[in-house]
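Structure file coords-v6.txt (compact mmCIF, C-alpha atoms) follows.
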```txt
# COMPACT_ATOMS: atom_id res chain seq x y z
CA MET A 29 148.97 -93.40 12.85
CA ARG A 30 152.78 -93.17 12.84
CA ARG A 31 154.39 -95.38 15.49
CA LEU A 32 157.78 -95.30 17.19
CA VAL A 33 159.07 -98.87 17.62
CA THR A 34 162.18 -100.66 18.82
CA ILE A 35 163.82 -103.65 17.14
CA PRO A 36 166.33 -105.96 18.86
CA CYS A 37 169.58 -106.41 16.93
CA ALA A 38 172.75 -108.25 18.00
CA GLY A 39 172.22 -107.43 21.66
CA GLU A 40 171.38 -103.79 20.97
CA THR A 41 168.18 -101.88 20.22
CA ILE A 42 167.34 -100.23 16.91
CA ALA A 43 165.01 -97.23 17.08
CA ALA A 44 162.59 -97.11 14.17
CA THR A 45 159.46 -95.40 12.88
CA LEU A 46 156.59 -97.21 11.19
CA ASP A 47 154.07 -95.44 8.95
CA PRO A 48 151.36 -98.10 8.68
CA ALA A 49 149.17 -98.80 5.67
CA GLU A 50 147.07 -101.69 4.37
CA GLY A 51 149.12 -102.66 1.32
CA ASP A 52 151.00 -105.97 1.15
CA THR A 53 154.08 -104.33 -0.39
CA ALA A 54 156.16 -102.40 2.13
CA LEU A 55 158.96 -99.86 1.82
CA LEU A 56 162.10 -100.06 3.94
CA ILE A 57 164.07 -96.79 4.04
CA VAL A 58 167.75 -97.18 4.94
CA SER A 59 169.59 -94.04 6.04
CA GLY A 60 172.97 -93.16 4.54
CA GLY A 61 176.12 -91.97 6.27
CA ASN A 62 175.47 -91.00 9.88
CA GLU A 63 172.10 -89.52 8.97
CA LEU A 64 169.12 -90.02 11.25
CA ARG A 65 166.02 -91.79 9.97
CA ILE A 66 164.31 -88.39 9.63
CA GLY A 67 166.56 -87.69 6.62
CA ALA A 68 168.17 -84.47 5.43
CA HIS A 69 165.69 -81.58 5.64
CA ARG A 70 163.10 -84.12 6.94
CA GLY A 71 163.18 -85.69 3.50
CA MET A 72 162.69 -89.31 4.58
CA THR A 73 159.93 -88.38 7.01
CA LEU A 74 158.04 -86.59 4.24
CA LEU A 75 158.65 -89.46 1.82
CA ALA A 76 157.39 -92.04 4.32
CA ALA A 77 154.20 -90.07 4.94
CA ALA A 78 153.48 -89.74 1.23
CA VAL A 79 154.15 -93.41 0.51
CA ALA A 80 152.00 -94.58 3.43
CA ALA A 81 149.19 -92.29 2.24
CA ALA A 82 149.38 -94.12 -1.10
CA GLY A 83 148.76 -97.44 0.71
CA PHE A 84 152.25 -98.83 1.35
CA PRO A 85 153.58 -99.33 4.90
CA VAL A 86 156.98 -97.74 5.51
CA LEU A 87 159.70 -98.44 8.07
CA ARG A 88 162.68 -96.15 8.76
CA TYR A 89 165.34 -96.90 11.34
CA ASP A 90 168.54 -95.60 12.92
CA ARG A 91 171.50 -97.94 12.46
CA ARG A 92 173.16 -99.14 15.68
CA GLY A 93 175.15 -96.31 17.23
CA ILE A 94 173.18 -93.64 15.35
CA GLY A 95 170.45 -91.39 16.73
CA ASP A 96 168.20 -93.17 19.21
CA SER A 97 169.68 -96.63 18.60
CA THR A 98 172.10 -98.22 21.05
CA GLY A 99 175.44 -99.80 20.27
CA THR A 100 178.50 -98.75 18.31
CA ASN A 101 178.40 -97.11 14.92
CA GLY A 102 180.50 -99.34 12.70
CA GLY A 103 179.67 -97.64 9.40
CA PHE A 104 177.70 -98.90 6.45
CA LEU A 105 179.95 -101.91 5.83
CA SER A 106 178.94 -103.33 9.22
CA ALA A 107 175.22 -102.71 8.71
CA ALA A 108 174.13 -106.16 7.51
CA PRO A 109 172.66 -107.22 10.89
CA ASP A 110 170.70 -103.96 11.15
CA LEU A 111 169.25 -104.49 7.69
CA MET A 112 168.34 -108.11 8.42
CA CYS A 113 166.63 -107.27 11.72
CA ALA A 114 164.71 -104.31 10.28
CA THR A 115 163.52 -106.34 7.27
CA ALA A 116 162.38 -109.27 9.42
CA TRP A 117 160.55 -106.96 11.81
CA LEU A 118 158.80 -105.13 8.95
CA ARG A 119 157.69 -108.35 7.31
CA ALA A 120 156.28 -109.71 10.59
CA ALA A 121 154.64 -106.48 11.75
CA THR A 122 152.87 -105.68 8.48
CA CYS A 123 152.39 -109.15 6.96
CA ALA A 124 154.04 -107.71 3.85
CA LYS A 125 154.46 -110.16 0.99
CA ARG A 126 157.06 -107.98 -0.73
CA ILE A 127 159.61 -105.51 0.61
CA VAL A 128 161.16 -102.79 -1.52
CA ALA A 129 164.23 -101.15 0.04
CA PHE A 130 165.38 -97.62 -0.71
CA GLY A 131 168.73 -96.11 0.23
CA ASN A 132 170.77 -93.07 -0.73
CA CYS A 133 174.58 -92.83 -0.90
CA ASP A 134 176.30 -95.51 1.21
CA ALA A 135 172.88 -96.84 2.28
CA ALA A 136 172.37 -97.74 -1.38
CA THR A 137 175.74 -99.46 -1.34
CA ALA A 138 174.84 -101.39 1.81
CA LEU A 139 171.63 -102.57 0.16
CA ALA A 140 173.52 -103.73 -2.91
CA LEU A 141 175.94 -105.67 -0.70
CA PHE A 142 173.58 -107.18 1.89
CA HIS A 143 170.10 -107.41 0.37
CA ALA A 144 170.25 -111.17 -0.24
CA THR A 145 170.79 -112.10 3.41
CA ALA A 146 167.97 -109.74 4.42
CA GLY A 147 165.46 -111.25 1.99
CA ILE A 148 164.59 -108.00 0.22
CA ASP A 149 162.55 -108.29 -2.99
CA ARG A 150 163.43 -105.11 -4.91
CA LEU A 151 166.06 -102.37 -4.63
CA LEU A 152 165.87 -98.65 -5.29
CA LEU A 153 169.39 -97.23 -5.08
CA ALA A 154 170.01 -93.48 -5.16
CA ASN A 155 173.47 -92.01 -5.81
CA PRO A 156 175.32 -95.17 -4.73
CA TRP A 157 178.67 -94.62 -3.01
CA VAL A 158 181.51 -96.48 -4.77
CA VAL A 159 184.40 -94.17 -3.88
CA GLU A 160 187.36 -95.30 -1.80
CA PRO A 161 188.95 -91.90 -1.05
CA THR A 162 192.70 -91.40 -0.77
CA ASN A 163 192.72 -87.61 -0.12
CA ASP A 164 190.36 -84.74 0.61
CA LEU A 165 189.44 -84.19 -3.06
CA PRO A 166 186.21 -85.27 -4.75
CA PRO A 167 186.30 -88.34 -7.02
CA PRO A 168 188.01 -87.86 -10.42
CA ALA A 169 184.69 -88.00 -12.28
CA ALA A 170 183.36 -85.14 -10.14
CA ILE A 171 186.55 -83.11 -10.62
CA ARG A 172 186.37 -83.65 -14.38
CA ALA A 173 182.75 -82.48 -14.56
CA THR A 174 183.40 -79.49 -12.32
CA TYR A 175 186.39 -78.32 -14.38
CA ALA A 176 184.44 -78.69 -17.61
CA GLN A 177 181.65 -76.56 -16.16
CA ARG A 178 184.04 -73.89 -14.88
CA LEU A 179 185.88 -73.62 -18.18
CA ARG A 180 182.60 -72.52 -19.75
CA SER A 181 182.05 -69.81 -17.13
CA PRO A 182 183.44 -66.27 -17.68
CA ALA A 183 183.21 -65.68 -13.93
CA GLU A 184 185.56 -68.60 -13.24
CA TRP A 185 188.09 -67.31 -15.76
CA LYS A 186 187.97 -63.93 -14.00
CA ARG A 187 188.65 -65.64 -10.65
CA LEU A 188 191.64 -67.45 -12.16
CA LEU A 189 193.10 -64.32 -13.75
CA THR A 190 192.68 -62.24 -10.59
CA GLY A 191 194.37 -64.82 -8.36
CA ARG A 192 191.27 -65.80 -6.40
CA VAL A 193 191.84 -69.53 -6.93
CA ASN A 194 193.35 -72.05 -4.53
CA PHE A 195 196.26 -73.10 -6.73
CA GLY A 196 197.34 -75.87 -4.35
CA ARG A 197 193.96 -77.55 -4.59
CA LEU A 198 193.84 -76.89 -8.34
CA THR A 199 197.21 -78.59 -8.80
CA ARG A 200 196.16 -81.61 -6.74
CA GLY A 201 192.97 -81.87 -8.78
CA LEU A 202 194.94 -81.85 -12.04
CA VAL A 203 197.28 -84.52 -10.68
CA THR A 204 194.27 -86.66 -9.73
CA LEU A 205 192.93 -86.38 -13.28
CA ALA A 206 196.32 -87.14 -14.79
CA THR A 207 196.69 -90.33 -12.77
CA ASP A 208 193.05 -91.47 -13.07
CA ARG A 209 192.82 -94.68 -15.10
CA ARG A 210 189.10 -95.24 -14.43
CA THR A 211 189.74 -98.70 -13.06
CA PRO A 212 187.18 -100.35 -10.80
CA THR A 213 187.69 -100.13 -7.05
CA GLY A 214 187.19 -103.03 -4.70
CA LEU A 215 183.94 -101.44 -3.54
CA THR A 216 182.70 -101.12 -7.13
CA ASN A 217 183.37 -104.81 -7.70
CA ARG A 218 181.60 -105.77 -4.47
CA VAL A 219 178.54 -103.75 -5.47
CA ALA A 220 178.57 -105.39 -8.90
CA GLU A 221 178.77 -108.84 -7.33
CA GLY A 222 175.85 -108.01 -5.07
CA LEU A 223 173.68 -106.81 -7.94
CA ALA A 224 174.61 -109.85 -10.01
CA SER A 225 172.15 -111.80 -7.85
CA GLY A 226 169.47 -110.71 -10.31
CA ILE A 227 167.31 -108.81 -7.81
CA PRO A 228 165.06 -106.26 -9.57
CA THR A 229 166.80 -102.92 -9.18
CA ASP A 230 166.42 -99.30 -10.23
CA ILE A 231 169.19 -96.71 -9.85
CA LEU A 232 168.38 -93.06 -9.29
CA LEU A 233 170.98 -90.36 -9.97
CA ALA A 234 171.00 -86.62 -9.34
CA THR A 235 172.99 -85.69 -12.43
CA ASP A 236 175.05 -82.86 -10.88
CA ASP A 237 175.83 -84.62 -7.60
CA HIS A 238 179.50 -85.60 -7.09
CA THR A 239 178.65 -89.06 -5.73
CA ALA A 240 176.32 -89.75 -8.65
CA ARG A 241 179.00 -88.67 -11.14
CA ALA A 242 181.55 -90.96 -9.53
CA PHE A 243 179.10 -93.86 -9.68
CA LEU A 244 178.26 -93.19 -13.32
CA ALA A 245 181.96 -93.19 -14.26
CA THR A 246 182.37 -96.69 -12.85
CA TRP A 247 178.99 -97.88 -14.15
CA HIS A 248 180.25 -97.50 -17.71
CA LEU A 249 183.26 -99.75 -17.21
CA ARG A 250 183.33 -102.60 -19.72
CA HIS A 251 182.97 -105.45 -17.24
CA LEU A 252 179.65 -104.06 -15.96
CA SER A 253 177.89 -104.29 -19.33
CA ASP A 254 175.62 -107.16 -18.22
CA LEU A 255 174.37 -105.12 -15.27
CA ARG A 256 173.80 -102.05 -17.47
CA ALA A 257 171.67 -104.13 -19.81
CA ARG A 258 169.44 -105.28 -16.96
CA ILE A 259 169.28 -102.40 -14.47
CA PRO A 260 167.65 -99.11 -15.52
CA VAL A 261 169.23 -95.82 -14.45
CA HIS A 262 166.89 -92.86 -13.94
CA HIS A 263 168.45 -89.39 -14.16
CA HIS A 264 167.18 -86.24 -12.47
CA ALA A 265 168.65 -82.82 -13.26
CA SER A 266 169.70 -81.70 -9.79
CA ALA A 267 172.82 -81.09 -7.70
CA SER A 268 171.00 -82.08 -4.51
CA HIS A 269 172.49 -85.29 -3.14
CA SER A 270 169.52 -85.74 -0.79
CA PHE A 271 166.81 -84.60 -3.27
CA ALA A 272 166.06 -81.71 -0.92
CA ARG A 273 164.27 -79.21 -3.17
CA PRO A 274 160.50 -79.51 -3.71
CA ALA A 275 160.90 -80.57 -7.35
CA ASP A 276 163.54 -83.12 -6.31
CA ARG A 277 161.28 -84.53 -3.60
CA ASP A 278 158.40 -84.82 -6.06
CA TRP A 279 160.58 -86.71 -8.54
CA LEU A 280 161.92 -89.05 -5.87
CA ARG A 281 158.44 -89.77 -4.52
CA ALA A 282 157.23 -90.62 -8.03
CA GLN A 283 160.16 -92.99 -8.57
CA VAL A 284 159.57 -94.73 -5.23
CA LEU A 285 155.84 -95.18 -5.86
CA ALA A 286 156.55 -96.54 -9.33
CA ALA A 287 159.00 -99.10 -7.92
CA LEU A 288 156.49 -100.17 -5.26
CA SER A 289 153.87 -100.73 -7.94
CA ARG A 290 156.04 -102.91 -10.18
CA ASP A 291 155.82 -106.69 -10.06
```
So that I can check it, write out the structure of this file as structure tokens.
Amino acid sequence: MRRLVTIPCAGETIAATLDPAEGDTALLIVSGGNELRIGAHRGMTLLAAAVAAAGFPVLRYDRRGIGDSTGTNGGFLSAAPDLMCATAWLRAATCAKRIVAFGNCDAATALALFHATAGIDRLLLANPWVVEPTNDLPPPAAIRATYAQRLRSPAEWKRLLTGRVNFGRLTRGLVTLATDRRTPTGLTNRVAEGLASGIPTDILLATDDHTARAFLATWHLRHLSDLRARIPVHHHASASHSFARPADRDWLRAQVLAALSRD
């Protein structure tokens, strides 16, 4: 039966939910952004129930300062203690021999950065966040893909010709593309350094999601060739960042169960 639990962390209390099961491989779900452990559209709750039904215990938690957890929300770059405490608690409470961690967006980034100190055994990273924004526009890779799609659409040409386009935003988007040199950001390099530890990893991308497109643009940089050779990337044709549609949820669940079953 699903249990609500609390986990001490750096003088604060993390609120968490455990879906118990008998397996000795456990899943740790890390929430992205300021999202609660329930997930967008209850996605992480539904995923946890399905994974536990397949025999794998699952823990989800709210980072400090989020949801039912106490403390101050310092963002994903300050989430190492939360990850360490949640992993240690899960291992002790379930006697798990292996822990697979799943995160979407900046939760995936946090896992890439901090997994070693937490003692996680395998990573499943969905739409990792590697963007360091400088304005209110999407990343250049997302702008590029969006413009290419719109140029193929008669409806978009009609909008342009009838003046129903935000020309200020269009101009800023074109300037962003013109100045984009596709160089790695500091966050990209930190993620690469984290994954260079050799931990078994799978990357999941929703092909039409802006964050996934931005990640893929950096993933193909020359200096990441060693990581590309070792880490598989699984693509799913969807624009849903949180894998919200039924077909998206089914695909994500299958990917998670496959990762849990690998050695």
Closest-contact table, region 101-133 of chain A side, partner region 152-162 of chain A, 9 Å, counting all atoms listed in the file, as a tab-separated table:
```
residue	atom	partner	partner_atom	distance
A:Val128	CA	A:Leu152	CA	7.3
A:Ala129	CA	A:Leu152	CA	6.1
A:Phe130	CA	A:Leu152	CA	4.7
A:Gly131	CA	A:Leu153	CA	5.5
A:Asn132	CA	A:Ala154	CA	4.5
A:Cys133	CA	A:Pro156	CA	4.5
```
Worksheet entry | Å distance separating CA of Thr229 (chain A) from CA of Pro260 (chain A), one decimal place | 7.4 Å
Response to the item:
What separates CA of Thr98 (chain A) and CA of Gly60 (chain A) is a distance of 17.3 Å
Discussion item. Can you tell me which residues surround Gly51 (chain A) at a distance of at most 8 Å, considering only C-alpha atoms, apart from same-chain residues fewer than 3 positions away, and format the answer as a ChimeraX atom specification?
Written reply: /A:54,83-85,124
Can you write out the residues you just picked, keeping C-alpha atoms, as a PDB file, keeping the file's coordinate frame?
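So the final result, stored in again.pdb, reads:
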```
ATOM      1  CA  ALA A  54     156.160-102.400   2.130  1.00  0.00           C
ATOM      2  CA  GLY A  83     148.760 -97.440   0.710  1.00  0.00           C
ATOM      3  CA  PHE A  84     152.250 -98.830   1.350  1.00  0.00           C
ATOM      4  CA  PRO A  85     153.580 -99.330   4.900  1.00  0.00           C
ATOM      5  CA  ALA A 124     154.040-107.710   3.850  1.00  0.00           C
TER       6      ALA A 124
END
```
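Straight-line separation from CA of Ala108 (chain A) to CA of Ala138 (chain A): 7.5 Å.
Counting only C-alpha atoms and comparing A:Ala38, A:Leu32, A:His262, A:Arg88, the residue that lies closest to Leu233 (chain A) is A:His262.
Taking all atoms listed in the file into account, Leu249 (chain A) lies nearest to A:Ala220 out of the set A:Ala220, A:Asp52, A:Gly67, A:Leu118.
Shortest separation to Arg126 (chain A) among A:Thr41, A:Thr53, A:Val284, A:Gly71 occurs at residue A:Thr53, atoms counted being all atoms listed in the file.
Using only C-alpha atoms, the shortest contact distance between Ala272 (chain A) and any of A:Ala287, A:Ala234, A:Ala135, A:Ala44 is found at A:Ala234.
Shortest separation to Asp110 (chain A) among A:Thr137, A:Ile148, A:Val58, A:Thr73 occurs at residue A:Val58, atoms counted being only C-alpha atoms.
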Once N, CA and C atoms are restored for region 131-159 of chain A, what would the output be as an mmCIF file, in the coordinates of the input?
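Now in selection-v6.cif:
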```
data_model
loop_
_atom_site.group_PDB
_atom_site.id
_atom_site.type_symbol
_atom_site.label_atom_id
_atom_site.label_comp_id
_atom_site.auth_asym_id
_atom_site.auth_seq_id
_atom_site.Cartn_x
_atom_site.Cartn_y
_atom_site.Cartn_z
ATOM 1 N N GLY A 131 167.620 -96.725 -0.486
ATOM 2 C CA GLY A 131 168.730 -96.110 0.230
ATOM 3 C C GLY A 131 169.452 -95.125 -0.645
ATOM 4 N N ASN A 132 170.002 -94.093 -0.018
ATOM 5 C CA ASN A 132 170.770 -93.070 -0.730
ATOM 6 C C ASN A 132 172.221 -93.120 -0.270
ATOM 7 N N CYS A 133 173.155 -92.895 -1.194
ATOM 8 C CA CYS A 133 174.580 -92.830 -0.900
ATOM 9 C C CYS A 133 175.079 -94.192 -0.377
ATOM 10 N N ASP A 134 175.759 -94.232 0.783
ATOM 11 C CA ASP A 134 176.300 -95.510 1.210
ATOM 12 C C ASP A 134 175.215 -96.454 1.720
ATOM 13 N N ALA A 135 174.004 -95.946 1.981
ATOM 14 C CA ALA A 135 172.880 -96.840 2.280
ATOM 15 C C ALA A 135 172.513 -97.645 1.036
ATOM 16 N N ALA A 136 172.591 -97.009 -0.135
ATOM 17 C CA ALA A 136 172.370 -97.740 -1.380
ATOM 18 C C ALA A 136 173.425 -98.822 -1.569
ATOM 19 N N THR A 137 174.654 -98.494 -1.231
ATOM 20 C CA THR A 137 175.740 -99.460 -1.340
ATOM 21 C C THR A 137 175.516 -100.630 -0.389
ATOM 22 N N ALA A 138 175.123 -100.329 0.851
ATOM 23 C CA ALA A 138 174.840 -101.390 1.810
ATOM 24 C C ALA A 138 173.733 -102.310 1.311
ATOM 25 N N LEU A 139 172.708 -101.745 0.702
ATOM 26 C CA LEU A 139 171.630 -102.570 0.160
ATOM 27 C C LEU A 139 172.122 -103.466 -0.969
ATOM 28 N N ALA A 140 172.969 -102.913 -1.834
ATOM 29 C CA ALA A 140 173.520 -103.730 -2.910
ATOM 30 C C ALA A 140 174.346 -104.892 -2.363
ATOM 31 N N LEU A 141 175.058 -104.650 -1.260
ATOM 32 C CA LEU A 141 175.940 -105.670 -0.700
ATOM 33 C C LEU A 141 175.189 -106.717 0.115
ATOM 34 N N PHE A 142 174.153 -106.307 0.869
ATOM 35 C CA PHE A 142 173.580 -107.180 1.890
ATOM 36 C C PHE A 142 172.119 -107.552 1.686
ATOM 37 N N HIS A 143 171.530 -107.179 0.568
ATOM 38 C CA HIS A 143 170.100 -107.410 0.370
ATOM 39 C C HIS A 143 169.720 -108.886 0.390
ATOM 40 N N ALA A 144 170.602 -109.745 -0.121
ATOM 41 C CA ALA A 144 170.250 -111.170 -0.240
ATOM 42 C C ALA A 144 170.035 -111.801 1.132
ATOM 43 N N THR A 145 170.926 -111.506 2.081
ATOM 44 C CA THR A 145 170.790 -112.100 3.410
ATOM 45 C C THR A 145 169.582 -111.532 4.148
ATOM 46 N N ALA A 146 169.132 -110.354 3.764
ATOM 47 C CA ALA A 146 167.970 -109.740 4.420
ATOM 48 C C ALA A 146 166.654 -110.191 3.797
ATOM 49 N N GLY A 147 166.688 -110.789 2.625
ATOM 50 C CA GLY A 147 165.460 -111.250 1.990
ATOM 51 C C GLY A 147 164.633 -110.140 1.378
ATOM 52 N N ILE A 148 165.288 -109.120 0.864
ATOM 53 C CA ILE A 148 164.590 -108.000 0.220
ATOM 54 C C ILE A 148 164.225 -108.388 -1.203
ATOM 55 N N ASP A 149 163.084 -107.871 -1.692
ATOM 56 C CA ASP A 149 162.550 -108.290 -2.990
ATOM 57 C C ASP A 149 162.894 -107.352 -4.140
ATOM 58 N N ARG A 150 163.104 -106.087 -3.859
ATOM 59 C CA ARG A 150 163.430 -105.110 -4.910
ATOM 60 C C ARG A 150 164.264 -103.999 -4.296
ATOM 61 N N LEU A 151 165.187 -103.439 -5.103
ATOM 62 C CA LEU A 151 166.060 -102.370 -4.630
ATOM 63 C C LEU A 151 165.826 -101.084 -5.413
ATOM 64 N N LEU A 152 165.907 -99.983 -4.692
ATOM 65 C CA LEU A 152 165.870 -98.650 -5.290
ATOM 66 C C LEU A 152 167.068 -97.908 -4.713
ATOM 67 N N LEU A 153 168.095 -97.723 -5.550
ATOM 68 C CA LEU A 153 169.390 -97.230 -5.080
ATOM 69 C C LEU A 153 169.644 -95.834 -5.642
ATOM 70 N N ALA A 154 169.788 -94.861 -4.744
ATOM 71 C CA ALA A 154 170.010 -93.480 -5.160
ATOM 72 C C ALA A 154 171.458 -93.072 -4.905
ATOM 73 N N ASN A 155 172.095 -92.532 -5.918
ATOM 74 C CA ASN A 155 173.470 -92.010 -5.810
ATOM 75 C C ASN A 155 174.388 -92.960 -5.039
ATOM 76 N N PRO A 156 174.529 -94.201 -5.498
ATOM 77 C CA PRO A 156 175.320 -95.170 -4.730
ATOM 78 C C PRO A 156 176.768 -94.720 -4.545
ATOM 79 N N TRP A 157 177.304 -94.996 -3.363
ATOM 80 C CA TRP A 157 178.670 -94.620 -3.010
ATOM 81 C C TRP A 157 179.617 -95.742 -3.408
ATOM 82 N N VAL A 158 180.539 -95.460 -4.347
ATOM 83 C CA VAL A 158 181.510 -96.480 -4.770
ATOM 84 C C VAL A 158 182.935 -95.946 -4.683
ATOM 85 N N VAL A 159 183.106 -94.853 -3.952
ATOM 86 C CA VAL A 159 184.400 -94.170 -3.880
ATOM 87 C C VAL A 159 185.182 -94.691 -2.674
#
```
